[in-house]
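For reference, the structure discussed in these notes is given below.
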Amino acid sequence: MLDLTKLTRQMQGLSQHLTQEAAASRQRLELAQQHFLKACDRQEEFVQKQEKWRDRIPFMNATPVEPLNTCIEIPVPPKVHTVIATDGSQISPSHHEIAYCYLLNIGRVVLHYGQNKHPLLDSLPEIFYRPEDLYISRQWGIKTEEWMSFCRTASEATVLAELACSVVSKDQEVFSLSTPPSSKIPTLAMVDGSLIYWFLEQLPFDARDRILPPILQAWRQMRDAQIPLMGYLSASRSIETMNFLRLVACPHPAPDCMSFCPNQMEKVACKLFESLRDTTVWTMQLKPGQRGPLWRSNARILDLYEDLQIYFCYVHVGAEIARIEIPAWVVENTSLFDEALGLMLAQVQKGYGYPVAIAEAHNQAVVRGADKARFFALLERQMIKAGIKNVGISYKEARKRGSIA
């Protein structure tokens, strides 16, 4: 139980610390804006430096592919369209439960607008109990709980592609009966979070080979069907564009960090904007309904994405600055990209600040306490039916669920 009386004594020090941090953040923001204007004037020069010295720059930085001062109004989406989203949740394995197993639950959502169709709101559960599912990750030093989250990410992408291609195929069959075959209903597939799976960098090759290929295969299915894919990041903590400004702030003839600043990554001269995030700067540049310039991510893991490179931009969705990530095939089709952004912004407006399709996919996927209790009750009945004796939770779990005092 939390003692609020004791906690109150620490609040004064916290408020003073936050006040000091706010003042320091304003100073960093002013410096960032000065360097941003300088980068706008000499953008091509800094991009060339970035490309030339990329192997000597140890920090992650993105490459702008449009003028830095780009501010483009997002078009209004068509009234008739479809939005598809998936999200996942799980029940983690526990030795204190009646059986050591875990469950993945993938929420699926299909929202049809202007088509007089019922939405799809459901989930696909899958239980894992075999030794090869529970313990395979231990050969790579990965905990079962971590491996479970990686598998969930792959399942979300696979289910999204299957669902999107199925919906588009059915729509085209119905749509072609009354309209030319070339016509199709605008469709957007959305996921919550980044399309750049940073966690894969730390995985051994064999482990990574079980997670990434199914994801890339799912994306290729959507590319072949011309269904735009989009990753939506709310409250993004990314600093990739801020790190591009570090090239502007570099006091040396070239951004050769290995030569000029060896072993000094905590006290380098270019680190003027430390703790300042991308979204803070773009708040000053964008108006509601506008997007900033496109950037190409230079994350090392993208070397394994082959022809499915990831681009991103920041969009003022009204309530916040959201980071939008899209694959290369969407960016290369300008009309498809603009249409996808319009559908995304409409989703945010319908969801009062957050895409309604992603929120509903989360609601379908989440496993609440009552759902978890019913799951283990069902499992218990099956175990008893199979003739297994002494079925029950550990004494520790039993005591945690009810206090003697």
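Residue numbering restarts at 1 in every chain; chains get A, B, ... in the order shown in the structure tokens, and ligands count up from 1 in that same order.
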For this session: Write out as JSON, numbers by chain the residues lying within 9 Å of Glu339 (chain A), counting only C-alpha atoms and excluding same-chain residues fewer than 5 positions away.
Result: {"A": [74, 75, 76, 77, 78, 186, 187, 188, 334, 344]}
Keeping only N, CA and C atoms, take the residues you just selected and write them out as a PDB file, in the first residue's frame.
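Final output, out-v5.pdb:
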ATOM      1  N   ILE A  74      -2.129  17.999 -45.434  1.00  0.00           N
ATOM      2  CA  ILE A  74      -2.591  16.645 -45.709  1.00  0.00           C
ATOM      3  C   ILE A  74      -3.974  16.704 -46.342  1.00  0.00           C
ATOM      4  N   PRO A  75      -4.182  16.018 -47.465  1.00  0.00           N
ATOM      5  CA  PRO A  75      -5.464  16.109 -48.177  1.00  0.00           C
ATOM      6  C   PRO A  75      -6.604  15.445 -47.409  1.00  0.00           C
ATOM      7  N   VAL A  76      -7.816  15.891 -47.713  1.00  0.00           N
ATOM      8  CA  VAL A  76      -9.015  15.293 -47.120  1.00  0.00           C
ATOM      9  C   VAL A  76      -9.241  13.914 -47.744  1.00  0.00           C
ATOM     10  N   PRO A  77      -9.488  12.886 -46.957  1.00  0.00           N
ATOM     11  CA  PRO A  77      -9.647  11.540 -47.521  1.00  0.00           C
ATOM     12  C   PRO A  77     -11.007  11.376 -48.192  1.00  0.00           C
ATOM     13  N   PRO A  78     -11.126  10.425 -49.098  1.00  0.00           N
ATOM     14  CA  PRO A  78     -12.434  10.144 -49.711  1.00  0.00           C
ATOM     15  C   PRO A  78     -13.405   9.588 -48.665  1.00  0.00           C
ATOM     16  N   PRO A 186     -10.157   2.896 -51.475  1.00  0.00           N
ATOM     17  CA  PRO A 186      -8.930   3.248 -50.752  1.00  0.00           C
ATOM     18  C   PRO A 186      -8.854   2.494 -49.426  1.00  0.00           C
ATOM     19  N   THR A 187      -7.708   1.894 -49.170  1.00  0.00           N
ATOM     20  CA  THR A 187      -7.528   1.061 -47.980  1.00  0.00           C
ATOM     21  C   THR A 187      -6.198   1.402 -47.313  1.00  0.00           C
ATOM     22  N   LEU A 188      -6.193   1.367 -45.982  1.00  0.00           N
ATOM     23  CA  LEU A 188      -4.979   1.625 -45.213  1.00  0.00           C
ATOM     24  C   LEU A 188      -4.823   0.550 -44.146  1.00  0.00           C
ATOM     25  N   THR A 334       3.356   8.644 -54.973  1.00  0.00           N
ATOM     26  CA  THR A 334       2.957   9.885 -54.315  1.00  0.00           C
ATOM     27  C   THR A 334       1.471   9.935 -54.000  1.00  0.00           C
ATOM     28  N   MET A 344      -5.117   8.323 -42.408  1.00  0.00           N
ATOM     29  CA  MET A 344      -4.565   8.300 -41.054  1.00  0.00           C
ATOM     30  C   MET A 344      -5.089   9.469 -40.232  1.00  0.00           C
TER      31      MET A 344
END
- Task: Enumerate the residues of region 106-180 of chain A with a DSSP assignment of strand (DSSP E), computed from the backbone, and present them as a count of residues only.
- Result: 17
- Quick one: everything within 9 Å of region 161-168 of chain A, counting only C-alpha atoms, minus sequence neighbours fewer than 4 positions away in the same chain. Send it as a list of chain:residue names.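 Close residues of region 161-168 of chain A: A:Thr82, A:Val83, A:Ile84, A:Ala85, A:Arg108, A:Val110, A:Glu156, A:Ala157, A:Gln172, A:Glu173, A:Lys184, A:Ile185, A:Thr187, A:Leu188, A:Ala189, A:Gln217, A:Ala218, A:Trp219, A:Arg220, A:Gln221, A:Met222, A:Ala225, A:Ile227.
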message = Please list as a ChimeraX atom specification every residue within 7 Å of Arg56 (chain A), counting only C-alpha atoms and excluding residues in the same chain fewer than 6 positions away.
response = /A:256-258
Long-range neighbours of region 193-204 of chain A as a ChimeraX atom specification, 7 Å cut-off, only C-alpha atoms, 5 positions minimum in chain:
/A:140,231-233,301,325
